[in-house]
Amino acid sequence: MKRRDFLKAAAAGAALCSAGAAQARPNLQPPEHAVGMLFDSTLCIGCKACVAKCKEVNHMPPVIEGDKTTWDSARGLSGKTLNVIKVYKNGTAEVKDAKVNGFCFEKRSCMHCVDPGCVSVCPVTAMRRSPLTGIVTHHPEVCIGCRNCMVGCPYDVPQFEYNKTFGQIQKCQMCNQAGLERVDKGQLTGCAEVCPTGATLFGPRKALLAEAKRRMALKPGEIYNYPRGNVSKPYSHHEKAVPVYQSHIWGEKEAGGTNVMHISAVPFDKLGMPPLGERSPASIAEGVQHTLYNYMALPAIALAGLTYVVRRNTDDDNDGGEL
Amino acid sequence: MSAYKPLGGRILTAPFIFFAVIFLISLYFMAQRFIFGMGAASNLNGGFAWGIWVVYDVVIGTAFACGGYALAFTVYVFNKGQYHPLVRPAILASLLGYAMGGFGAFFDMGRWWQFYEIFLPWNWNFNSVMLEVGLCVSAYILVLALEFAPVYLEKIGAKGLLKTLNKLLFFFIALGMLLPTMHQSSLGSLLIVMGQKVHPLWQSWQFQPLLALLSALIMGFSIVIFEASFSTVGFRRASETSLLAGLGKIILGLLISFLLVRTVLLVVQGNLDQLFAGDRATLLYLIETVLFLIPVFILASPVNRNDGGKLLIAAVSMLLGGALYRFDAFLFTLNPGVGYSYFPSVPEIMVTLGVVSFEIMAYLVLVKTLPVLHREEHA
Ligand code: SF4
Ligand code: SF4
Ligand code: SF4
């Protein structure tokens, strides 16, 4: 083979190497009027009113364990459960919000990522992020069930109904899916509406972030007037001594940030949060894809080169490329 | 007259019946999955949404099926015509392997009854690596079918059609090289968005597509060696070792590139300390590295390159290494978070074995009835 041909043939390989040098696009930014929730673990008393309300508004069945039919025993997210309260226990588990010999509660539901992995990976656009509210919704009518959204979500939020013949993906859609549209109608999310302590607070992301920062700045032991319901127009308040917060707002920056943010007195890795960086993995993956497949230019050039080389090398002995 | 002929012989041999039995058993479990849902047949869960059906049948199975791809480069790009006799069996194995991957992907689809949604352009999400994989693998299965079509047309004696197809074949051969380059690299890109769930020893971020492609080529070339040696032994045909020896140098280059890129990335991306963690991941990484180093030592010597037995060892070692590399990244060291674990269920394993058995049965029948293998005097 002549050198010139080799160069042509190497085009495909070289194009691929360029992916290594691909510029990741920057992380997506939250929409101007993004809405979200702030979960303050130190306020949560583990009553699970939010779990029950979530099932009620979303018409999800309870999870029954053995003969305990009086209450919902959901321990984790599943095709039947969009929201769950988990408990952290250490040692004697005596002191609320203590890392050692303490306990606390943690909410698990969709974080409504600012740069969501589930949306980026879905081949058929069955996961959509609202450009207005930032809410991430799921659209089963086009979903093929490849479950890439599940592996692409850092929090394992989307859940497939494995036990149904014709299952679908389930996830929290901030109570704003077609048919429910609580947010669009000016209502609160189900879980924030019923939370008796304001541990789950609804509102514009900006206002929630400001509230979280305000709490970080408080002195432990001080009395603070905690709002309930919507951070911008709370329906009531209650007074409580300020705990020793970790100075970390989960979701301000993690993997590009989330619209549902958490604050806590116990470090987040103890609460089962994943070890994320600030860069959203979706931004890196999309950077690579768009470098390689922009307007299909590289594949087209590679195909032209390959066609030329194959044509030449098959012409020598016969008319086509007889196999 | 064609230079190829059907192998002939009995179809219902003992191995064929053995594979048929496995396949029949697997049908029972396949039915279970479709009637009662995925949960009834698999151990898939919220953290491990992809089990062996995706990771073995699709991600690894299609890499095993890269023989046709690797050989096409050798014959048509590097213009090594002496390998031509291997092309037909390699294309057939690739067609069957990719068909199996395609079936695996469909079988694993949670909402298989609306699989066609991925082919409707108005649904396409161009940010999605999965879209690229889905469309590109589907297209490649069609291209492989077209590349294999002349064998069938020759058999039924459709001369006119054969002539037309042969005139256009050069374009399909080129496509048959482009498409695997695209989707085999994308199979690696699937790992990028999985982010920190992927162990740092396997999370090479932007370099995932490059490493995936190199591993696909390595596995593709070793499959060529493996298949040719296997058919030599199994069907008692004259040894094709001398033909295979020349492939050794290409493979050597690929192996060294793969090991080099990985090692450099380990240092540059700051994960060297992971090698000294002394845990299961370290062990798996070291096993992979040894599996890739064995063929390097074998192929580095020209004497070994002409030794059929040694070549076979090298090929098997590379296939295991490549398969382990993908298994480790997607499954064995994947960490979706506390509370999740996965080990394939009996039905999952049986379905995978059943699909592989079907692939082998189809290969045996087709080489015996269609002109796939080269006549011995030419080999
Ligand atoms: S938490 Fe998971 S499901 Fe929710 S938006 Fe983020 S990536 Fe999507
Ligand atoms: S399972 Fe459905 S929603 Fe999730 S990535 Fe696949 S097609 Fe999209
Ligand atoms: S926002 Fe709605 S769907 Fe989401 S956890 Fe709260 S109640 Fe459930």
# chains A, B, ... in the order shown; residues from 1 in each chain; ligands from 1
call {"tool": "interface_residues", "arguments": {"of": "chain B", "to": "chain A", "cutoff": "6 Å", "atoms": "only C-alpha atoms", "output": "short mmCIF file (atom, residue, chain, number, x, y, z; two decimals) with N, CA, C and O atoms, in the first residue's frame"}}
result
data_model
loop_
_atom_site.label_atom_id
_atom_site.label_comp_id
_atom_site.auth_asym_id
_atom_site.auth_seq_id
_atom_site.Cartn_x
_atom_site.Cartn_y
_atom_site.Cartn_z
N ILE B 35 -43.82 -13.14 29.32
CA ILE B 35 -45.15 -13.29 29.93
C ILE B 35 -45.24 -12.60 31.29
O ILE B 35 -46.18 -11.88 31.56
N PHE B 36 -44.22 -12.79 32.12
CA PHE B 36 -44.31 -12.27 33.49
C PHE B 36 -43.47 -11.02 33.74
O PHE B 36 -43.48 -10.46 34.83
N GLY B 37 -42.72 -10.57 32.75
CA GLY B 37 -41.89 -9.37 32.93
C GLY B 37 -40.44 -9.72 33.21
O GLY B 37 -40.10 -10.85 33.54
N MET B 38 -39.60 -8.70 33.08
CA MET B 38 -38.15 -8.89 33.24
C MET B 38 -37.78 -9.42 34.62
O MET B 38 -36.85 -10.18 34.78
N GLY B 39 -38.52 -8.97 35.64
CA GLY B 39 -38.19 -9.33 37.01
C GLY B 39 -38.33 -10.83 37.26
O GLY B 39 -37.61 -11.40 38.07
N GLY B 46 -32.70 -1.72 40.53
CA GLY B 46 -32.63 -0.28 40.32
C GLY B 46 -31.21 0.24 40.12
O GLY B 46 -31.00 1.25 39.46
N GLY B 47 -30.23 -0.44 40.71
CA GLY B 47 -28.85 0.01 40.59
C GLY B 47 -28.15 -0.66 39.41
O GLY B 47 -27.35 -0.05 38.71
N TYR B 76 -8.86 -5.29 2.44
CA TYR B 76 -9.22 -4.24 1.50
C TYR B 76 -8.49 -2.93 1.73
O TYR B 76 -8.40 -2.11 0.82
N MET B 109 -34.92 -5.03 25.97
CA MET B 109 -35.69 -3.79 25.99
C MET B 109 -36.90 -3.93 26.91
O MET B 109 -37.74 -4.81 26.71
N GLY B 110 -36.99 -3.05 27.87
CA GLY B 110 -38.11 -3.12 28.79
C GLY B 110 -39.44 -2.89 28.10
O GLY B 110 -40.49 -3.38 28.52
N ARG B 111 -39.42 -2.12 27.04
CA ARG B 111 -40.65 -1.81 26.31
C ARG B 111 -40.47 -2.19 24.84
O ARG B 111 -40.57 -1.36 23.93
N GLN B 114 -42.58 -1.32 21.63
CA GLN B 114 -42.48 -0.07 20.87
C GLN B 114 -41.03 0.22 20.49
O GLN B 114 -40.60 1.36 20.46
N PHE B 115 -40.28 -0.87 20.17
CA PHE B 115 -38.86 -0.72 19.79
C PHE B 115 -38.69 0.23 18.61
O PHE B 115 -37.70 0.92 18.47
N GLU B 117 -39.79 2.96 18.00
CA GLU B 117 -39.69 4.40 18.31
C GLU B 117 -38.27 4.91 18.07
O GLU B 117 -38.07 6.09 17.78
N ILE B 118 -37.28 4.02 18.21
CA ILE B 118 -35.90 4.48 18.02
C ILE B 118 -35.60 4.73 16.54
O ILE B 118 -34.65 5.42 16.20
N ASN B 123 -38.07 11.39 17.01
CA ASN B 123 -37.78 11.07 18.41
C ASN B 123 -36.29 11.24 18.75
O ASN B 123 -35.92 11.19 19.91
N TRP B 124 -35.46 11.33 17.72
CA TRP B 124 -34.02 11.22 17.94
C TRP B 124 -33.46 12.31 18.84
O TRP B 124 -33.73 13.50 18.66
N ASN B 125 -32.63 11.87 19.79
CA ASN B 125 -31.89 12.79 20.64
C ASN B 125 -30.42 12.67 20.25
O ASN B 125 -29.76 11.67 20.55
N ASN B 127 -27.85 13.95 21.30
CA ASN B 127 -26.85 13.92 22.36
C ASN B 127 -26.61 12.50 22.85
O ASN B 127 -25.67 12.25 23.59
N SER B 128 -27.51 11.59 22.47
CA SER B 128 -27.50 10.27 23.06
C SER B 128 -26.53 9.31 22.36
O SER B 128 -26.62 9.08 21.16
N MET B 130 -26.53 6.19 23.04
CA MET B 130 -27.36 5.01 22.79
C MET B 130 -28.05 5.09 21.43
O MET B 130 -28.23 4.07 20.76
N LEU B 131 -28.41 6.29 21.02
CA LEU B 131 -29.03 6.45 19.70
C LEU B 131 -28.04 6.01 18.62
O LEU B 131 -28.38 5.25 17.71
N ASN B 166 -22.24 -7.65 -6.82
CA ASN B 166 -20.78 -7.63 -6.79
C ASN B 166 -20.22 -6.30 -7.27
O ASN B 166 -19.16 -5.87 -6.83
N LYS B 167 -20.95 -5.64 -8.19
CA LYS B 167 -20.50 -4.34 -8.68
C LYS B 167 -20.59 -3.28 -7.59
O LYS B 167 -19.80 -2.34 -7.57
N LEU B 169 -20.59 -3.97 -4.34
CA LEU B 169 -20.12 -4.48 -3.06
C LEU B 169 -19.05 -3.61 -2.42
O LEU B 169 -18.99 -3.47 -1.20
N PHE B 170 -18.23 -2.97 -3.26
CA PHE B 170 -17.13 -2.17 -2.70
C PHE B 170 -17.66 -1.12 -1.73
O PHE B 170 -17.06 -0.84 -0.70
N PHE B 171 -18.85 -0.59 -2.04
CA PHE B 171 -19.41 0.45 -1.17
C PHE B 171 -19.86 -0.15 0.17
O PHE B 171 -19.63 0.42 1.23
N ALA B 174 -16.92 -0.80 2.34
CA ALA B 174 -16.46 0.42 3.01
C ALA B 174 -17.37 0.77 4.18
O ALA B 174 -16.91 1.09 5.27
N ILE B 192 -19.10 6.94 29.65
CA ILE B 192 -18.74 8.28 30.10
C ILE B 192 -19.81 8.84 31.03
O ILE B 192 -19.53 9.30 32.13
N VAL B 193 -21.06 8.77 30.57
CA VAL B 193 -22.12 9.40 31.34
C VAL B 193 -22.42 8.63 32.63
O VAL B 193 -23.03 9.15 33.55
N MET B 194 -21.95 7.40 32.70
CA MET B 194 -22.11 6.64 33.94
C MET B 194 -21.17 7.17 35.02
O MET B 194 -21.26 6.74 36.19
N GLY B 195 -20.32 8.08 34.61
CA GLY B 195 -19.53 8.88 35.55
C GLY B 195 -18.83 8.12 36.65
O GLY B 195 -18.09 7.17 36.40
N GLN B 206 -12.98 10.96 28.14
CA GLN B 206 -12.94 11.18 26.68
C GLN B 206 -12.25 10.05 25.92
O GLN B 206 -12.42 9.93 24.72
N PHE B 207 -11.44 9.25 26.62
CA PHE B 207 -10.68 8.23 25.91
C PHE B 207 -11.42 6.90 25.84
O PHE B 207 -10.91 5.93 25.27
#
call {"tool": "residues_near_ligand", "arguments": {"ligand": "ligand 3", "cutoff": "6 Å", "atoms": "only C-alpha atoms and all ligand atoms", "output": "PyMOL selection string"}}
result
chain A and resi 54+82-83+109+172-175+189-191
call {"tool": "residues_around", "arguments": {"residues": "Gly104 (chain B)", "least_positions_apart": "3", "cutoff": "8 Å", "atoms": "only C-alpha atoms", "output": "JSON, numbers by chain"}}
result
{"B": [53, 54, 57, 58, 100, 101, 107, 108]}
call {"tool": "residues_around", "arguments": {"residues": "Ile64 (chain A)", "least_positions_apart": "5", "cutoff": "12 Å", "atoms": "only C-alpha atoms", "output": "VMD selection string"}}
result
chain A and resid 69 to 75 80 to 81
call {"tool": "write_last_selection", "arguments": {"atoms": "N, CA and C atoms", "output": "short mmCIF file (atom, residue, chain, number, x, y, z; two decimals), in the first residue's frame"}}
result
data_model
loop_
_atom_site.label_atom_id
_atom_site.label_comp_id
_atom_site.auth_asym_id
_atom_site.auth_seq_id
_atom_site.Cartn_x
_atom_site.Cartn_y
_atom_site.Cartn_z
N THR A 69 -49.86 -4.64 56.93
CA THR A 69 -50.65 -3.98 55.90
C THR A 69 -51.09 -2.57 56.29
N THR A 70 -50.78 -2.15 57.51
CA THR A 70 -51.25 -0.85 57.96
C THR A 70 -50.47 0.30 57.34
N TRP A 71 -49.19 0.06 57.07
CA TRP A 71 -48.43 1.17 56.50
C TRP A 71 -47.58 0.73 55.31
N ASP A 72 -47.08 1.69 54.60
CA ASP A 72 -46.25 1.47 53.42
C ASP A 72 -44.83 1.15 53.89
N SER A 73 -44.30 0.03 53.47
CA SER A 73 -42.97 -0.37 53.94
C SER A 73 -41.85 -0.12 52.91
N ALA A 74 -42.08 0.77 51.96
CA ALA A 74 -41.06 1.00 50.93
C ALA A 74 -39.73 1.37 51.57
N ARG A 75 -38.69 0.66 51.17
CA ARG A 75 -37.36 0.94 51.71
C ARG A 75 -36.48 1.69 50.71
N LYS A 80 -42.86 1.28 42.27
CA LYS A 80 -44.04 1.64 43.03
C LYS A 80 -43.82 2.85 43.92
N THR A 81 -42.58 3.33 44.01
CA THR A 81 -42.25 4.36 44.99
C THR A 81 -41.36 5.44 44.37
#
call {"tool": "residues_around", "arguments": {"residues": "Ser186 (chain B)", "least_positions_apart": "4", "cutoff": "7 Å", "atoms": "only C-alpha atoms", "output": "PyMOL selection string"}}
result
chain B and resi 129+133+182+190+209
call {"tool": "write_last_selection", "arguments": {"atoms": "N, CA, C and O atoms", "output": "mmCIF file, in the first residue's frame"}}
result
data_model
loop_
_atom_site.group_PDB
_atom_site.id
_atom_site.type_symbol
_atom_site.label_atom_id
_atom_site.label_comp_id
_atom_site.auth_asym_id
_atom_site.auth_seq_id
_atom_site.Cartn_x
_atom_site.Cartn_y
_atom_site.Cartn_z
ATOM 1 N N VAL B 129 -25.617 8.741 23.154
ATOM 2 C CA VAL B 129 -24.704 7.734 22.622
ATOM 3 C C VAL B 129 -25.506 6.490 22.239
ATOM 4 O O VAL B 129 -25.238 5.836 21.238
ATOM 5 N N VAL B 133 -25.483 4.010 18.930
ATOM 6 C CA VAL B 133 -25.279 2.560 18.998
ATOM 7 C C VAL B 133 -26.460 1.835 18.343
ATOM 8 O O VAL B 133 -26.281 0.965 17.494
ATOM 9 N N MET B 182 -17.653 3.243 14.237
ATOM 10 C CA MET B 182 -18.535 4.164 14.954
ATOM 11 C C MET B 182 -19.149 3.513 16.191
ATOM 12 O O MET B 182 -18.980 4.000 17.297
ATOM 13 N N LEU B 190 -20.582 4.902 26.055
ATOM 14 C CA LEU B 190 -21.709 4.693 26.974
ATOM 15 C C LEU B 190 -21.259 4.831 28.426
ATOM 16 O O LEU B 190 -22.035 5.190 29.302
ATOM 17 N N PRO B 209 -13.958 6.029 23.938
ATOM 18 C CA PRO B 209 -14.171 5.504 22.583
ATOM 19 C C PRO B 209 -12.896 4.927 21.969
ATOM 20 O O PRO B 209 -12.939 3.893 21.291
#
call {"tool": "atom_distance", "arguments": {"atom1": "CA of Val77 (chain B)", "atom2": "CA of Ala65 (chain B)"}}
result
19.3 Å
call {"tool": "closest_residue", "arguments": {"among": "B:Ala49, B:Ile11, B:Ala20, B:Ala3", "to": "ligand 2", "atoms": "only C-alpha atoms and all ligand atoms"}}
result
B:Ala49
call {"tool": "select_by_dssp", "arguments": {"residues": "region 139-315 of chain A", "states": "strand (DSSP E)", "output": "number ranges by chain"}}
result
A: 159-160, 169-170, 200-204, 223-228, 236-241, 260-263
call {"tool": "residues_around", "arguments": {"residues": "region 368-371 of chain B", "least_positions_apart": "6", "cutoff": "9 Å", "atoms": "only C-alpha atoms", "output": "compact mmCIF listing (two decimals) with N, CA, C and O atoms, in the first residue's frame"}}
result
# COMPACT_ATOMS: atom_id res chain seq x y z
N SER B 2 -16.99 -21.25 -8.57
CA SER B 2 -16.60 -20.57 -7.33
C SER B 2 -15.43 -21.27 -6.65
O SER B 2 -15.25 -22.48 -6.77
N ALA B 3 -14.63 -20.49 -5.95
CA ALA B 3 -13.51 -21.03 -5.21
C ALA B 3 -13.97 -21.55 -3.85
O ALA B 3 -13.17 -21.99 -3.05
N TYR B 4 -15.27 -21.44 -3.60
CA TYR B 4 -15.79 -21.86 -2.29
C TYR B 4 -16.75 -23.01 -2.48
O TYR B 4 -17.39 -23.14 -3.53
N LYS B 5 -16.86 -23.84 -1.46
CA LYS B 5 -17.87 -24.90 -1.56
C LYS B 5 -18.43 -25.23 -0.18
O LYS B 5 -17.75 -25.04 0.83
N PRO B 6 -19.69 -25.74 -0.16
CA PRO B 6 -20.26 -26.14 1.12
C PRO B 6 -19.46 -27.30 1.69
O PRO B 6 -18.95 -28.13 0.95
N LEU B 7 -19.35 -27.33 3.00
CA LEU B 7 -18.57 -28.37 3.64
C LEU B 7 -19.27 -29.72 3.53
O LEU B 7 -18.62 -30.75 3.47
N GLY B 8 -20.60 -29.68 3.46
CA GLY B 8 -21.36 -30.92 3.37
C GLY B 8 -21.37 -31.68 4.69
O GLY B 8 -20.97 -31.16 5.72
N GLY B 9 -21.82 -32.90 4.65
CA GLY B 9 -21.84 -33.72 5.87
C GLY B 9 -23.17 -33.64 6.59
O GLY B 9 -24.03 -32.85 6.24
N ARG B 10 -23.28 -34.46 7.61
CA ARG B 10 -24.50 -34.53 8.38
C ARG B 10 -24.75 -33.25 9.17
O ARG B 10 -23.81 -32.65 9.67
N ILE B 11 -26.01 -32.87 9.29
CA ILE B 11 -26.35 -31.71 10.11
C ILE B 11 -26.50 -32.13 11.57
O ILE B 11 -26.01 -31.48 12.48
N ARG B 88 -15.17 -14.92 3.87
CA ARG B 88 -16.54 -15.43 3.96
C ARG B 88 -16.89 -15.99 5.34
O ARG B 88 -17.91 -15.62 5.91
N VAL B 151 -23.03 -15.15 -1.18
CA VAL B 151 -22.85 -16.57 -0.90
C VAL B 151 -24.15 -17.31 -1.18
O VAL B 151 -24.17 -18.38 -1.81
N TYR B 152 -25.24 -16.71 -0.73
CA TYR B 152 -26.55 -17.33 -0.92
C TYR B 152 -26.95 -17.28 -2.39
O TYR B 152 -27.42 -18.27 -2.97
N GLU B 154 -25.06 -17.20 -4.93
CA GLU B 154 -24.24 -18.16 -5.65
C GLU B 154 -24.87 -19.55 -5.56
O GLU B 154 -24.94 -20.28 -6.54
N LYS B 155 -25.32 -19.87 -4.36
CA LYS B 155 -25.90 -21.19 -4.11
C LYS B 155 -27.16 -21.40 -4.95
O LYS B 155 -27.33 -22.44 -5.57
call {"tool": "select_by_dssp", "arguments": {"residues": "region 37-130 of chain B", "states": "helix (DSSP H, G or I)", "output": "count of residues only"}}
result
69
call {"tool": "atom_distance", "arguments": {"atom1": "CA of Asn335 (chain B)", "atom2": "CA of Lys197 (chain B)"}}
result
4.8 Å
call {"tool": "closest_atom_pairs", "arguments": {"of": "region 81-130 of chain A", "to": "region 225-244 of chain A", "cutoff": "12 Å", "atoms": "only C-alpha atoms", "output": "Markdown table"}}
result
| residue | atom | partner | partner_atom | distance |
| --- | --- | --- | --- | --- |
| A:Lys96 | CA | A:Pro243 | CA | 9.9 |
| A:Asp97 | CA | A:Pro243 | CA | 8.1 |
| A:Ala98 | CA | A:Val244 | CA | 9.2 |
| A:Lys99 | CA | A:Val244 | CA | 11.0 |
call {"tool": "residues_around", "arguments": {"residues": "Pro30 (chain A)", "least_positions_apart": "4", "cutoff": "9 Å", "atoms": "only C-alpha atoms", "output": "MDAnalysis selection string"}}
result
chainID A and resid 34 113:115 131 133:134 205 257:259
